[in-house]
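Structure file final_22.txt (compact mmCIF, C-alpha atoms (C1' of nucleotides)) follows.
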```txt
# COMPACT_ATOMS: atom_id res chain seq x y z
CA MET A 3 -38.23 3.94 48.33
CA GLN A 4 -35.32 1.93 49.66
CA LYS A 5 -32.00 3.37 48.58
CA VAL A 6 -29.33 1.15 47.06
CA VAL A 7 -25.84 2.47 46.42
CA VAL A 8 -24.11 1.51 43.18
CA ILE A 9 -20.41 2.04 42.69
CA CYS A 10 -18.98 1.41 39.28
CA GLY A 11 -15.80 2.31 37.49
CA PRO A 12 -13.17 0.79 35.25
CA THR A 13 -10.89 -1.96 36.42
CA ALA A 14 -8.12 -0.80 38.77
CA SER A 15 -9.90 2.44 39.61
CA GLY A 16 -10.27 1.58 43.30
CA LYS A 17 -13.82 0.29 43.58
CA THR A 18 -12.98 -2.34 46.17
CA ALA A 19 -11.26 -0.06 48.64
CA LEU A 20 -13.88 2.66 48.31
CA SER A 21 -16.81 0.30 48.72
CA ILE A 22 -15.38 -1.29 51.83
CA GLU A 23 -14.75 2.08 53.46
CA LEU A 24 -18.27 3.12 52.58
CA ALA A 25 -19.73 -0.10 53.96
CA LYS A 26 -17.95 0.50 57.25
CA ARG A 27 -19.35 4.01 57.50
CA ILE A 28 -22.99 3.23 56.67
CA ASN A 29 -23.38 -0.30 57.95
CA GLY A 30 -23.51 -1.74 54.50
CA GLU A 31 -22.93 -5.03 52.74
CA ILE A 32 -21.58 -5.48 49.27
CA VAL A 33 -23.11 -7.11 46.22
CA SER A 34 -20.57 -7.67 43.48
CA ALA A 35 -21.64 -6.98 39.90
CA ASP A 36 -18.65 -8.53 38.26
CA SER A 37 -18.99 -11.21 35.63
CA MET A 38 -15.70 -12.87 36.48
CA GLN A 39 -15.30 -12.46 40.24
CA ILE A 40 -18.45 -14.55 40.48
CA TYR A 41 -16.38 -17.62 39.63
CA ASP A 42 -14.71 -19.72 42.26
CA GLU A 43 -11.00 -20.59 42.00
CA MET A 44 -10.26 -17.51 39.95
CA ASN A 45 -8.79 -15.16 42.47
CA ILE A 46 -5.59 -13.49 41.40
CA GLY A 47 -6.55 -12.69 37.84
CA THR A 48 -9.95 -11.25 38.70
CA ALA A 49 -8.48 -9.11 41.49
CA LYS A 50 -10.95 -10.59 43.92
CA PRO A 51 -10.71 -9.00 47.37
CA ASP A 52 -9.38 -11.44 49.97
CA GLN A 53 -10.60 -11.84 53.54
CA GLU A 54 -8.16 -9.26 54.82
CA GLU A 55 -9.21 -6.61 52.34
CA MET A 56 -12.87 -7.25 53.06
CA GLN A 57 -12.32 -6.25 56.69
CA GLY A 58 -15.28 -8.26 57.87
CA ILE A 59 -17.71 -6.68 55.43
CA LYS A 60 -19.97 -9.31 53.96
CA HIS A 61 -19.69 -9.73 50.18
CA TYR A 62 -22.27 -11.41 47.98
CA LEU A 63 -21.80 -12.96 44.53
CA ILE A 64 -18.09 -13.47 44.76
CA GLY A 65 -16.75 -16.91 43.99
CA ASN A 66 -20.01 -18.76 44.36
CA ILE A 67 -20.17 -20.24 40.88
CA LYS A 68 -17.94 -23.05 39.67
CA PRO A 69 -15.71 -21.98 36.79
CA THR A 70 -17.10 -24.77 34.66
CA ASN A 71 -20.64 -23.43 34.91
CA ARG A 72 -22.49 -21.14 32.60
CA TYR A 73 -23.68 -17.97 34.21
CA SER A 74 -25.29 -14.94 32.68
CA VAL A 75 -27.16 -11.71 33.31
CA SER A 76 -30.48 -13.33 34.01
CA GLU A 77 -29.03 -15.41 36.82
CA PHE A 78 -27.11 -12.42 38.03
CA LYS A 79 -30.23 -10.30 38.17
CA LYS A 80 -32.03 -12.92 40.23
CA ASP A 81 -29.09 -13.50 42.57
CA ALA A 82 -28.39 -9.81 43.02
CA ILE A 83 -31.99 -8.97 43.86
CA SER A 84 -32.16 -11.73 46.43
CA ALA A 85 -28.88 -10.51 47.95
CA ILE A 86 -30.22 -6.95 48.10
CA LYS A 87 -33.38 -8.20 49.79
CA GLU A 88 -31.39 -10.14 52.31
CA ILE A 89 -29.26 -7.12 53.16
CA ILE A 90 -32.32 -4.92 53.55
CA SER A 91 -33.94 -7.49 55.81
CA LYS A 92 -30.95 -7.12 58.10
CA GLU A 93 -31.51 -3.38 58.07
CA LYS A 94 -28.24 -2.76 56.34
CA MET A 95 -27.45 -0.72 53.26
CA PRO A 96 -26.90 -2.64 50.02
CA ILE A 97 -23.89 -1.49 48.03
CA VAL A 98 -23.64 -2.84 44.50
CA VAL A 99 -20.07 -2.72 43.27
CA GLY A 100 -18.98 -3.74 39.86
CA GLY A 101 -17.43 -3.21 36.53
CA THR A 102 -19.74 -5.25 34.34
CA GLY A 103 -21.95 -2.71 32.62
CA LEU A 104 -24.49 -5.23 31.44
CA TYR A 105 -24.98 -6.53 34.96
CA VAL A 106 -25.22 -3.06 36.47
CA ASN A 107 -27.84 -2.10 33.88
CA SER A 108 -29.98 -5.12 34.66
CA LEU A 109 -30.47 -3.70 38.15
CA VAL A 110 -30.42 0.00 37.55
CA TYR A 111 -32.96 -0.12 34.72
CA GLY A 112 -35.03 -2.80 36.39
CA ILE A 113 -34.84 -5.26 33.53
CA ASP A 114 -36.71 -8.54 33.96
CA TYR A 115 -35.58 -11.70 32.24
CA PRO A 116 -38.37 -14.19 31.65
CA GLU A 117 -37.53 -17.87 31.83
CA ILE A 118 -36.14 -18.91 28.49
CA GLN A 119 -34.19 -22.10 28.33
CA THR A 120 -31.10 -21.96 26.19
CA ASN A 121 -31.62 -24.23 23.24
CA LEU A 122 -28.14 -25.40 22.41
CA GLU A 123 -29.33 -27.60 19.60
CA TYR A 124 -30.96 -24.73 17.80
CA ARG A 125 -27.84 -22.69 18.23
CA LYS A 126 -25.78 -25.45 16.67
CA GLU A 127 -28.25 -25.59 13.83
CA LEU A 128 -27.87 -21.85 13.27
CA GLU A 129 -24.10 -22.12 13.38
CA LYS A 130 -24.31 -24.71 10.65
CA ILE A 131 -26.45 -22.45 8.49
CA VAL A 132 -23.87 -19.70 8.94
CA GLU A 133 -21.23 -22.06 7.60
CA GLU A 134 -23.31 -23.20 4.68
CA LYS A 135 -25.22 -20.13 3.59
CA GLY A 136 -23.30 -17.33 5.23
CA LEU A 137 -24.21 -14.89 7.93
CA GLN A 138 -25.86 -12.53 5.47
CA TYR A 139 -28.61 -15.11 4.97
CA LEU A 140 -29.47 -15.20 8.66
CA PHE A 141 -29.20 -11.44 8.92
CA GLU A 142 -31.94 -11.14 6.31
CA LYS A 143 -34.06 -13.70 8.16
CA ALA A 144 -33.64 -11.69 11.33
CA VAL A 145 -34.69 -8.50 9.58
CA GLU A 146 -37.87 -10.27 8.46
CA ILE A 147 -38.63 -11.21 12.04
CA ASP A 148 -37.66 -8.02 13.84
CA LYS A 149 -36.86 -5.10 11.63
CA GLU A 150 -36.83 -2.71 14.55
CA ALA A 151 -34.17 -4.54 16.54
CA MET A 152 -32.01 -5.11 13.49
CA LYS A 153 -31.58 -1.39 12.99
CA ASN A 154 -28.97 -1.47 15.72
CA ILE A 155 -27.34 -4.75 14.79
CA SER A 156 -24.52 -4.94 12.29
CA PRO A 157 -24.62 -7.60 9.55
CA ASN A 158 -21.32 -8.82 11.02
CA ASP A 159 -22.58 -9.19 14.55
CA LYS A 160 -23.15 -12.92 14.57
CA LYS A 161 -23.86 -13.15 18.26
CA ARG A 162 -26.75 -10.71 18.18
CA ILE A 163 -28.18 -11.93 14.89
CA LEU A 164 -28.37 -15.46 16.30
CA ARG A 165 -29.93 -14.14 19.47
CA VAL A 166 -32.77 -12.44 17.60
CA LEU A 167 -33.51 -15.75 15.90
CA GLU A 168 -33.20 -17.74 19.11
CA ILE A 169 -35.61 -15.51 20.97
CA TYR A 170 -38.18 -15.85 18.23
CA LYS A 171 -37.80 -19.61 18.08
CA GLU A 172 -38.10 -20.08 21.83
CA THR A 173 -40.81 -17.56 22.68
CA GLY A 174 -42.56 -16.70 19.45
CA LYS A 175 -41.93 -13.07 20.34
CA THR A 176 -39.54 -10.61 18.79
CA LYS A 177 -36.59 -9.20 20.65
CA THR A 178 -38.22 -5.78 20.52
CA GLU A 179 -41.42 -7.08 22.14
CA LEU A 180 -39.52 -8.96 24.76
CA GLU A 181 -37.45 -5.93 25.66
CA ARG A 182 -40.51 -3.77 26.01
CA GLU A 183 -42.04 -6.30 28.38
CA SER A 184 -38.81 -6.60 30.32
CA ARG A 185 -39.14 -3.03 31.56
CA LYS A 186 -42.81 -3.19 32.43
CA ASN A 187 -42.39 -3.59 36.14
CA GLY A 188 -40.41 -0.44 36.74
CA ILE A 189 -37.47 0.03 39.02
CA PRO A 190 -38.04 -1.24 42.56
CA TYR A 191 -35.26 0.62 44.33
CA ASP A 192 -33.87 4.11 44.46
CA TYR A 193 -30.45 3.43 43.00
CA LYS A 194 -27.82 6.03 43.79
CA ILE A 195 -25.17 5.53 41.15
CA PHE A 196 -21.55 6.61 41.42
CA ALA A 197 -18.66 6.01 39.08
CA ILE A 198 -14.95 6.40 39.64
CA ASN A 199 -12.70 7.86 37.01
CA MET A 200 -9.26 9.39 36.70
CA PRO A 201 -6.97 10.64 33.92
CA ARG A 202 -6.48 7.93 31.34
CA GLU A 203 -2.71 7.91 31.64
CA ILE A 204 -2.81 7.33 35.36
CA LEU A 205 -5.42 4.62 35.05
CA TYR A 206 -3.36 2.83 32.40
CA ASP A 207 -0.34 3.07 34.61
CA ARG A 208 -2.21 1.49 37.49
CA ILE A 209 -3.43 -1.29 35.22
CA ASN A 210 0.08 -2.08 34.01
CA ARG A 211 1.37 -2.20 37.54
CA ARG A 212 -1.47 -4.36 38.72
CA VAL A 213 -0.83 -6.91 36.01
CA ASP A 214 2.81 -7.14 37.09
CA ILE A 215 1.65 -7.74 40.64
CA MET A 216 -0.74 -10.47 39.51
CA ILE A 217 2.13 -12.26 37.83
CA GLU A 218 4.23 -11.94 41.00
CA LYS A 219 1.37 -13.28 43.08
CA GLY A 220 1.29 -16.41 40.94
CA LEU A 221 -1.28 -15.88 38.22
CA ILE A 222 0.45 -18.41 36.00
CA ASP A 223 0.16 -21.12 38.65
CA GLU A 224 -3.45 -20.26 39.29
CA VAL A 225 -4.33 -20.60 35.64
CA SER A 226 -2.26 -23.70 35.06
CA SER A 227 -3.83 -25.61 37.93
CA LEU A 228 -7.29 -24.53 36.81
CA TYR A 229 -6.49 -25.65 33.32
CA GLU A 230 -5.09 -28.99 34.48
CA LYS A 231 -8.13 -29.59 36.62
CA TYR A 232 -10.87 -28.64 34.16
CA GLY A 233 -9.25 -28.28 30.77
CA GLU A 234 -11.52 -27.28 27.94
CA SER A 235 -14.65 -27.55 30.07
CA LEU A 236 -14.00 -24.02 31.30
CA LEU A 237 -16.49 -22.04 29.28
CA THR A 238 -17.32 -18.44 30.07
CA SER A 239 -14.71 -18.19 32.76
CA MET A 240 -11.90 -18.69 30.27
CA GLN A 241 -12.96 -15.56 28.44
CA ALA A 242 -11.49 -13.63 31.33
CA ILE A 243 -8.58 -11.37 30.59
CA GLY A 244 -5.43 -12.75 32.16
CA TYR A 245 -6.70 -16.32 31.88
CA LYS A 246 -6.98 -16.86 28.17
CA GLU A 247 -3.59 -15.21 27.64
CA VAL A 248 -1.86 -17.41 30.21
CA VAL A 249 -3.37 -20.48 28.57
CA GLU A 250 -1.81 -19.40 25.27
CA PHE A 251 1.52 -19.05 27.02
CA LEU A 252 1.18 -22.46 28.65
CA LYS A 253 0.46 -23.97 25.26
CA GLY A 254 3.70 -22.44 24.03
CA ASN A 255 2.10 -20.02 21.62
CA CYS A 256 3.90 -16.96 22.95
CA THR A 257 6.68 -15.90 25.29
CA LYS A 258 6.11 -14.84 28.85
CA GLU A 259 6.90 -11.25 27.97
CA GLU A 260 4.44 -11.27 25.10
CA MET A 261 1.81 -12.74 27.37
CA ILE A 262 2.28 -10.04 30.00
CA GLU A 263 2.11 -7.28 27.41
CA LYS A 264 -1.03 -8.79 25.94
CA ILE A 265 -2.74 -8.95 29.32
CA LYS A 266 -1.88 -5.33 30.00
CA MET A 267 -3.12 -4.22 26.62
CA GLU A 268 -6.37 -6.14 26.83
CA THR A 269 -7.01 -4.82 30.31
CA ARG A 270 -6.48 -1.24 29.15
CA ARG A 271 -8.90 -1.73 26.30
CA TYR A 272 -11.39 -3.29 28.65
CA ALA A 273 -11.19 -0.31 30.97
CA LYS A 274 -11.91 1.97 28.05
CA ARG A 275 -15.01 0.01 27.10
CA GLN A 276 -16.20 0.06 30.68
CA LEU A 277 -16.00 3.83 30.72
CA THR A 278 -18.03 4.02 27.51
CA TRP A 279 -20.67 1.99 29.24
CA PHE A 280 -20.84 4.05 32.42
CA ARG A 281 -20.87 7.38 30.59
CA LYS A 282 -24.19 6.39 29.14
CA ILE A 283 -25.92 5.78 32.46
CA GLU A 284 -28.12 8.71 33.37
CA ASN A 285 -28.01 10.10 36.91
CA ILE A 286 -24.52 8.88 37.46
CA GLN A 287 -22.32 10.91 39.75
CA TRP A 288 -18.63 10.86 38.90
CA LEU A 289 -15.96 10.61 41.56
CA ASP A 290 -12.31 11.50 41.15
CA GLY A 291 -10.37 8.32 41.79
CA LEU A 292 -7.35 10.39 42.77
CA ASN A 293 -9.24 11.82 45.71
CA ASP A 294 -8.66 10.55 49.19
CA ILE A 295 -10.97 7.62 49.89
CA GLN A 296 -12.64 9.19 52.92
CA ASN A 297 -13.24 12.24 50.81
CA ASN A 298 -15.07 10.19 48.21
CA VAL A 299 -16.98 8.40 50.95
CA ASN A 300 -18.17 11.80 52.15
CA ILE A 301 -19.24 12.79 48.67
CA ILE A 302 -21.26 9.58 48.42
CA LEU A 303 -22.86 10.20 51.80
CA GLU A 304 -23.92 13.65 50.64
CA GLY A 305 -25.29 12.17 47.45
CA LEU A 306 -27.41 9.78 49.48
CA GLN A 307 -29.29 12.57 51.22
C1' G B 28 37.91 2.13 4.05
C1' G B 29 35.11 -0.54 -0.25
C1' C B 30 30.54 -2.73 -2.12
C1' G B 31 25.35 -3.75 -1.70
C1' C B 32 20.45 -3.11 0.42
C1' C B 33 16.95 -0.14 3.05
C1' A B 34 14.62 4.61 4.94
C1' U B 35 6.39 5.57 4.32
C1' A B 36 1.74 7.29 10.96
C1' G B 37 3.37 5.10 17.85
C1' C B 38 4.62 -0.05 15.63
C1' C B 39 4.40 -3.58 11.31
C1' A B 40 3.74 -2.73 6.23
C1' A B 41 1.79 -2.19 0.59
C1' G B 42 2.43 1.13 -3.27
C1' U B 43 2.55 4.51 -7.77
C1' G B 44 5.57 9.99 -12.32
C1' G B 45 -0.66 12.76 -11.14
C1' U B 46 -1.40 13.64 -5.42
C1' A B 47 -0.57 7.63 0.23
C1' A B 48 -3.65 -0.02 0.61
C1' G B 49 -4.00 -2.92 4.91
C1' G B 50 -3.03 -4.72 10.00
C1' C B 51 -1.92 -3.58 15.19
C1' A B 52 -1.94 0.13 18.89
C1' G B 53 -4.68 4.86 20.00
C1' A B 54 -9.58 7.52 20.14
C1' A B 55 -14.92 7.44 20.04
C1' G B 56 -19.18 4.33 20.19
C1' U B 57 -22.95 0.05 20.30
C1' C B 58 -24.84 -3.28 23.84
C1' U B 59 -31.34 -6.98 27.38
C1' G B 60 -29.61 -14.49 28.54
C1' C B 61 -21.27 -16.37 26.75
C1' A B 62 -20.46 -9.26 28.18
C1' A B 63 -13.22 -9.37 31.03
C1' A B 64 -17.51 -11.30 25.21
C1' A B 65 -19.04 -9.64 20.46
C1' C B 66 -19.56 -5.72 17.10
C1' U B 67 -19.22 -0.44 14.71
C1' U B 68 -16.78 4.11 13.32
C1' U B 69 -12.29 6.78 13.03
C1' U B 70 -6.79 7.97 12.50
C1' A B 71 -0.38 10.48 7.52
C1' U B 72 -2.25 17.69 3.34
C1' U B 73 2.25 13.65 3.66
C1' C B 74 6.36 9.30 2.32
C1' C B 75 14.65 10.85 6.27
C1' U B 76 17.12 15.88 4.52
C1' C B 77 18.77 19.10 0.60
C1' A B 78 19.33 20.01 -4.55
C1' G B 79 18.05 18.58 -9.68
C1' U B 80 14.85 16.57 -13.90
C1' U B 81 9.53 17.31 -14.85
C1' C B 82 3.42 20.72 -16.07
C1' G B 83 3.65 17.51 -11.71
C1' A B 84 8.12 13.32 -7.43
C1' U B 85 6.80 9.82 -2.00
C1' U B 86 7.91 7.38 -6.68
C1' C B 87 13.48 9.26 -11.39
C1' U B 88 18.85 11.50 -10.70
C1' G B 89 22.78 13.41 -7.44
C1' A B 90 24.63 14.62 -2.63
C1' G B 91 24.02 14.15 2.58
C1' U B 92 22.23 11.62 7.09
C1' G B 93 20.77 7.12 9.61
C1' G B 94 20.25 1.74 9.80
C1' C B 95 21.37 -3.30 8.12
C1' G B 96 24.47 -6.87 5.53
C1' C B 97 28.93 -8.43 3.12
C1' C B 98 34.17 -7.66 2.00
C1' U B 99 39.17 -5.81 3.35
```

Take the structure I supplied and represent it as structure tokens, if you would.
Amino acid sequence: MQKVVVICGPTASGKTALSIELAKRINGEIVSADSMQIYDEMNIGTAKPDQEEMQGIKHYLIGNIKPTNRYSVSEFKKDAISAIKEIISKEKMPIVVGGTGLYVNSLVYGIDYPEIQTNLEYRKELEKIVEEKGLQYLFEKAVEIDKEAMKNISPNDKKRILRVLEIYKETGKTKTELERESRKNGIPYDYKIFAINMPREILYDRINRRVDIMIEKGLIDEVSSLYEKYGESLLTSMQAIGYKEVVEFLKGNCTKEEMIEKIKMETRRYAKRQLTWFRKIENIQWLDGLNDIQNNVNIILEGLQ
RNA sequence: GGCGCCAUAGCCAAGUGGUAAGGCAGAAGUCUGCAAAACUUUUAUUCCUCAGUUCGAUUCUGAGUGGCGCCU
């Protein structure tokens, strides 16, 4: 089976540098699995690698979606698979690099997403019911539909409760059924998964420093011109850490210092959640982010044997 | 120097003569169509120090220490 390398790790752990070195050594090309680097015009705050850093290595799924668009795992899965196929057709090694656990899982566990159109009207309807009758009411409805799935969903988890109802409305199937079907086709590639980690304190220190650098590089300008250009039509993209906080600052809701501290804090918490995600992936090989890059490249090469 | 107020976890903060709310941060976790999102769990044998009153004090009394405010 065709091998595909996967490199994950928390933000600021050195995924970019490692993946580019690896690509140079094994004639590879990179597929980004990052829910925010996918957006165009968001460069500084997402720590997108620039042309110079890429060193001529081709990158897929970076900046090819407009920040006003909706994008989600199902599109990612499709796009990533077609990128992997393209790389293989060139007889190169695909290297998936990313910090978005949900996206990584969609590949690594071979999850298929059937065509379901998002029914915004139904969602609005549900939102209204939440307002009128309370979330508890819909939670109970969801339990009636899919008791199994609701075992893992908290009565406070509005997002997931609504999703269970949406799936049933659109497909007539339960979430549990749909998920079973989504894994039917198996995993088409031999994914070799690596994750970078380092002592928490050092990681947090790197994050703090990187945020300062983003500010120096002009994050505020980047966000303010985006905001001027698109305003409230920025949907998912404005969930990004570093963007939503700058918008609050621009609106005068906090000081610059408070904004910077908030970005640092949110990024640290994000990194922690990312690690939780990667720890759960089976067959993952951990790399010490404090190691020399070539050293880690060698470890990966051994792991590919 | 005098008078007054305050002192509770890393931070903010409630509280009672009977054995410490809550929020934030931290830690751990969940995750199949917004995921850098959303959600869950968890965190002080101890309330500045010493002495006293009391069956029992973080809570009352006294002294000390530190901080804040006002006056001279």

Residues of chain A that have any atom at most 9 Å from an atom of chain B: could you tabulate them with the shortest-distance atom pair and the distance in Å to one decimal, using only C-alpha atoms (C1' of nucleotides), ordered by chain and increasing number, as CSV?
```
residue,atom,partner,partner_atom,distance
A:Ser37,CA,B:A63,C1',7.6
A:Met38,CA,B:A63,C1',6.9
A:Thr48,CA,B:A63,C1',8.5
A:Arg72,CA,B:C61,C1',7.6
A:Tyr73,CA,B:C61,C1',8.0
A:Ser74,CA,B:G60,C1',6.0
A:Val75,CA,B:G60,C1',6.0
A:Ser76,CA,B:G60,C1',5.7
A:Glu77,CA,B:G60,C1',8.4
A:Thr102,CA,B:A62,C1',7.4
A:Gly103,CA,B:A62,C1',8.1
A:Leu104,CA,B:A62,C1',6.6
A:Tyr105,CA,B:A62,C1',8.6
A:Asn107,CA,B:U59,C1',8.8
A:Ser108,CA,B:U59,C1',7.6
A:Ile113,CA,B:U59,C1',7.3
A:Asp114,CA,B:U59,C1',8.6
A:Tyr115,CA,B:G60,C1',7.6
A:Ile118,CA,B:G60,C1',7.9
A:Gln119,CA,B:G60,C1',8.9
A:Thr120,CA,B:G60,C1',8.0
A:Asn154,CA,B:U57,C1',7.7
A:Ile155,CA,B:C66,C1',8.2
A:Ser156,CA,B:C66,C1',7.0
A:Asn158,CA,B:C66,C1',7.0
A:Asp159,CA,B:C66,C1',5.3
A:Lys160,CA,B:A65,C1',7.9
A:Lys161,CA,B:A65,C1',6.4
A:Arg162,CA,B:A65,C1',8.1
A:Lys177,CA,B:U59,C1',8.8
A:Leu180,CA,B:U59,C1',8.8
A:Glu181,CA,B:U59,C1',6.4
A:Ser184,CA,B:U59,C1',8.0
A:Leu237,CA,B:C61,C1',7.8
A:Thr238,CA,B:C61,C1',5.6
A:Gln241,CA,B:A63,C1',6.7
A:Ala242,CA,B:A63,C1',4.6
A:Ile243,CA,B:A63,C1',5.1
A:Gly244,CA,B:A63,C1',8.6
A:Met267,CA,B:A52,C1',8.9
A:Glu268,CA,B:A63,C1',8.7
A:Thr269,CA,B:A63,C1',7.7
A:Tyr272,CA,B:A63,C1',6.8
A:Thr278,CA,B:G56,C1',7.4
A:Trp279,CA,B:C58,C1',8.6
```

Create the file for the chosen residues now, containing C-alpha atoms and written as a PDB file, in the coordinates of the input.
```pdb
ATOM      1  CA  SER A  37     -18.990 -11.210  35.630  1.00  0.00           C
ATOM      2  CA  MET A  38     -15.700 -12.870  36.480  1.00  0.00           C
ATOM      3  CA  THR A  48      -9.950 -11.250  38.700  1.00  0.00           C
ATOM      4  CA  ARG A  72     -22.490 -21.140  32.600  1.00  0.00           C
ATOM      5  CA  TYR A  73     -23.680 -17.970  34.210  1.00  0.00           C
ATOM      6  CA  SER A  74     -25.290 -14.940  32.680  1.00  0.00           C
ATOM      7  CA  VAL A  75     -27.160 -11.710  33.310  1.00  0.00           C
ATOM      8  CA  SER A  76     -30.480 -13.330  34.010  1.00  0.00           C
ATOM      9  CA  GLU A  77     -29.030 -15.410  36.820  1.00  0.00           C
ATOM     10  CA  THR A 102     -19.740  -5.250  34.340  1.00  0.00           C
ATOM     11  CA  GLY A 103     -21.950  -2.710  32.620  1.00  0.00           C
ATOM     12  CA  LEU A 104     -24.490  -5.230  31.440  1.00  0.00           C
ATOM     13  CA  TYR A 105     -24.980  -6.530  34.960  1.00  0.00           C
ATOM     14  CA  ASN A 107     -27.840  -2.100  33.880  1.00  0.00           C
ATOM     15  CA  SER A 108     -29.980  -5.120  34.660  1.00  0.00           C
ATOM     16  CA  ILE A 113     -34.840  -5.260  33.530  1.00  0.00           C
ATOM     17  CA  ASP A 114     -36.710  -8.540  33.960  1.00  0.00           C
ATOM     18  CA  TYR A 115     -35.580 -11.700  32.240  1.00  0.00           C
ATOM     19  CA  ILE A 118     -36.140 -18.910  28.490  1.00  0.00           C
ATOM     20  CA  GLN A 119     -34.190 -22.100  28.330  1.00  0.00           C
ATOM     21  CA  THR A 120     -31.100 -21.960  26.190  1.00  0.00           C
ATOM     22  CA  ASN A 154     -28.970  -1.470  15.720  1.00  0.00           C
ATOM     23  CA  ILE A 155     -27.340  -4.750  14.790  1.00  0.00           C
ATOM     24  CA  SER A 156     -24.520  -4.940  12.290  1.00  0.00           C
ATOM     25  CA  ASN A 158     -21.320  -8.820  11.020  1.00  0.00           C
ATOM     26  CA  ASP A 159     -22.580  -9.190  14.550  1.00  0.00           C
ATOM     27  CA  LYS A 160     -23.150 -12.920  14.570  1.00  0.00           C
ATOM     28  CA  LYS A 161     -23.860 -13.150  18.260  1.00  0.00           C
ATOM     29  CA  ARG A 162     -26.750 -10.710  18.180  1.00  0.00           C
ATOM     30  CA  LYS A 177     -36.590  -9.200  20.650  1.00  0.00           C
ATOM     31  CA  LEU A 180     -39.520  -8.960  24.760  1.00  0.00           C
ATOM     32  CA  GLU A 181     -37.450  -5.930  25.660  1.00  0.00           C
ATOM     33  CA  SER A 184     -38.810  -6.600  30.320  1.00  0.00           C
ATOM     34  CA  LEU A 237     -16.490 -22.040  29.280  1.00  0.00           C
ATOM     35  CA  THR A 238     -17.320 -18.440  30.070  1.00  0.00           C
ATOM     36  CA  GLN A 241     -12.960 -15.560  28.440  1.00  0.00           C
ATOM     37  CA  ALA A 242     -11.490 -13.630  31.330  1.00  0.00           C
ATOM     38  CA  ILE A 243      -8.580 -11.370  30.590  1.00  0.00           C
ATOM     39  CA  GLY A 244      -5.430 -12.750  32.160  1.00  0.00           C
ATOM     40  CA  MET A 267      -3.120  -4.220  26.620  1.00  0.00           C
ATOM     41  CA  GLU A 268      -6.370  -6.140  26.830  1.00  0.00           C
ATOM     42  CA  THR A 269      -7.010  -4.820  30.310  1.00  0.00           C
ATOM     43  CA  TYR A 272     -11.390  -3.290  28.650  1.00  0.00           C
ATOM     44  CA  THR A 278     -18.030   4.020  27.510  1.00  0.00           C
ATOM     45  CA  TRP A 279     -20.670   1.990  29.240  1.00  0.00           C
TER      46      TRP A 279
END
```

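For region 38-41 of chain B, the non-local neighbours within 9 Å, defined as residues at least 4 positions apart in the same chain or in other chains and counting all atoms listed in the file, are A48, G49, G50, C51 and A52 of chain B.
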
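The residue set within 10 Å of A84 (chain B), counting only C-alpha atoms (C1' of nucleotides) and dropping same-chain residues fewer than 5 places from it, reads G44, G45 and U46 of chain B.
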
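Note that CA of Lys87 (chain A) and CA of Gly30 (chain A) are 12.7 Å apart.
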
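Around Arg281 (chain A), within 10 Å and counting only C-alpha atoms (C1' of nucleotides), the residues found are Gly11, Ala197, Gln276, Ile286, Gln287 and Trp288 of chain A, once anything fewer than 5 positions away on its own chain is removed.
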
What does the file look like for those residues with C-alpha atoms, as a CSV table (one decimal), in the coordinates of the input?
```csv
chain,number,residue,atom,x,y,z
A,11,GLY,CA,-15.8,2.3,37.5
A,197,ALA,CA,-18.7,6.0,39.1
A,276,GLN,CA,-16.2,0.1,30.7
A,286,ILE,CA,-24.5,8.9,37.5
A,287,GLN,CA,-22.3,10.9,39.8
A,288,TRP,CA,-18.6,10.9,38.9
```

Show which residues sit within 12 Å of Pro190 (chain A), as a ChimeraX atom specification. Count all atoms listed in the file, and ignore same-chain residues fewer than 3 positions away.
/A:3-6,83,86-87,108-114,185-187,193

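For the atom pair formed by CA of Glu259 (chain A) and CA of Arg208 (chain A), the distance is 18.3 Å, given to one decimal.
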
Since the input has fewer atoms than a full residue there, write region 157-164 of chain A out with N, CA and C atoms, as a PDB file, keeping the file's coordinate frame.
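The file below, out.pdb, is the result:
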```pdb
ATOM      1  N   PRO A 157     -24.576  -6.327  10.282  1.00  0.00           N
ATOM      2  CA  PRO A 157     -24.620  -7.600   9.550  1.00  0.00           C
ATOM      3  C   PRO A 157     -23.452  -8.526   9.919  1.00  0.00           C
ATOM      4  N   ASN A 158     -22.460  -7.995  10.607  1.00  0.00           N
ATOM      5  CA  ASN A 158     -21.320  -8.820  11.020  1.00  0.00           C
ATOM      6  C   ASN A 158     -21.444  -9.331  12.443  1.00  0.00           C
ATOM      7  N   ASP A 159     -22.471  -8.870  13.132  1.00  0.00           N
ATOM      8  CA  ASP A 159     -22.580  -9.190  14.550  1.00  0.00           C
ATOM      9  C   ASP A 159     -23.327 -10.514  14.735  1.00  0.00           C
ATOM     10  N   LYS A 160     -22.581 -11.577  14.542  1.00  0.00           N
ATOM     11  CA  LYS A 160     -23.150 -12.920  14.570  1.00  0.00           C
ATOM     12  C   LYS A 160     -23.905 -13.212  15.863  1.00  0.00           C
ATOM     13  N   LYS A 161     -23.270 -12.879  16.964  1.00  0.00           N
ATOM     14  CA  LYS A 161     -23.860 -13.150  18.260  1.00  0.00           C
ATOM     15  C   LYS A 161     -25.283 -12.602  18.378  1.00  0.00           C
ATOM     16  N   ARG A 162     -25.440 -11.353  18.003  1.00  0.00           N
ATOM     17  CA  ARG A 162     -26.750 -10.710  18.180  1.00  0.00           C
ATOM     18  C   ARG A 162     -27.756 -11.157  17.122  1.00  0.00           C
ATOM     19  N   ILE A 163     -27.273 -11.425  15.927  1.00  0.00           N
ATOM     20  CA  ILE A 163     -28.180 -11.930  14.890  1.00  0.00           C
ATOM     21  C   ILE A 163     -28.759 -13.272  15.345  1.00  0.00           C
ATOM     22  N   LEU A 164     -27.891 -14.155  15.834  1.00  0.00           N
ATOM     23  CA  LEU A 164     -28.370 -15.460  16.300  1.00  0.00           C
ATOM     24  C   LEU A 164     -29.343 -15.303  17.466  1.00  0.00           C
TER      25      LEU A 164
END
```
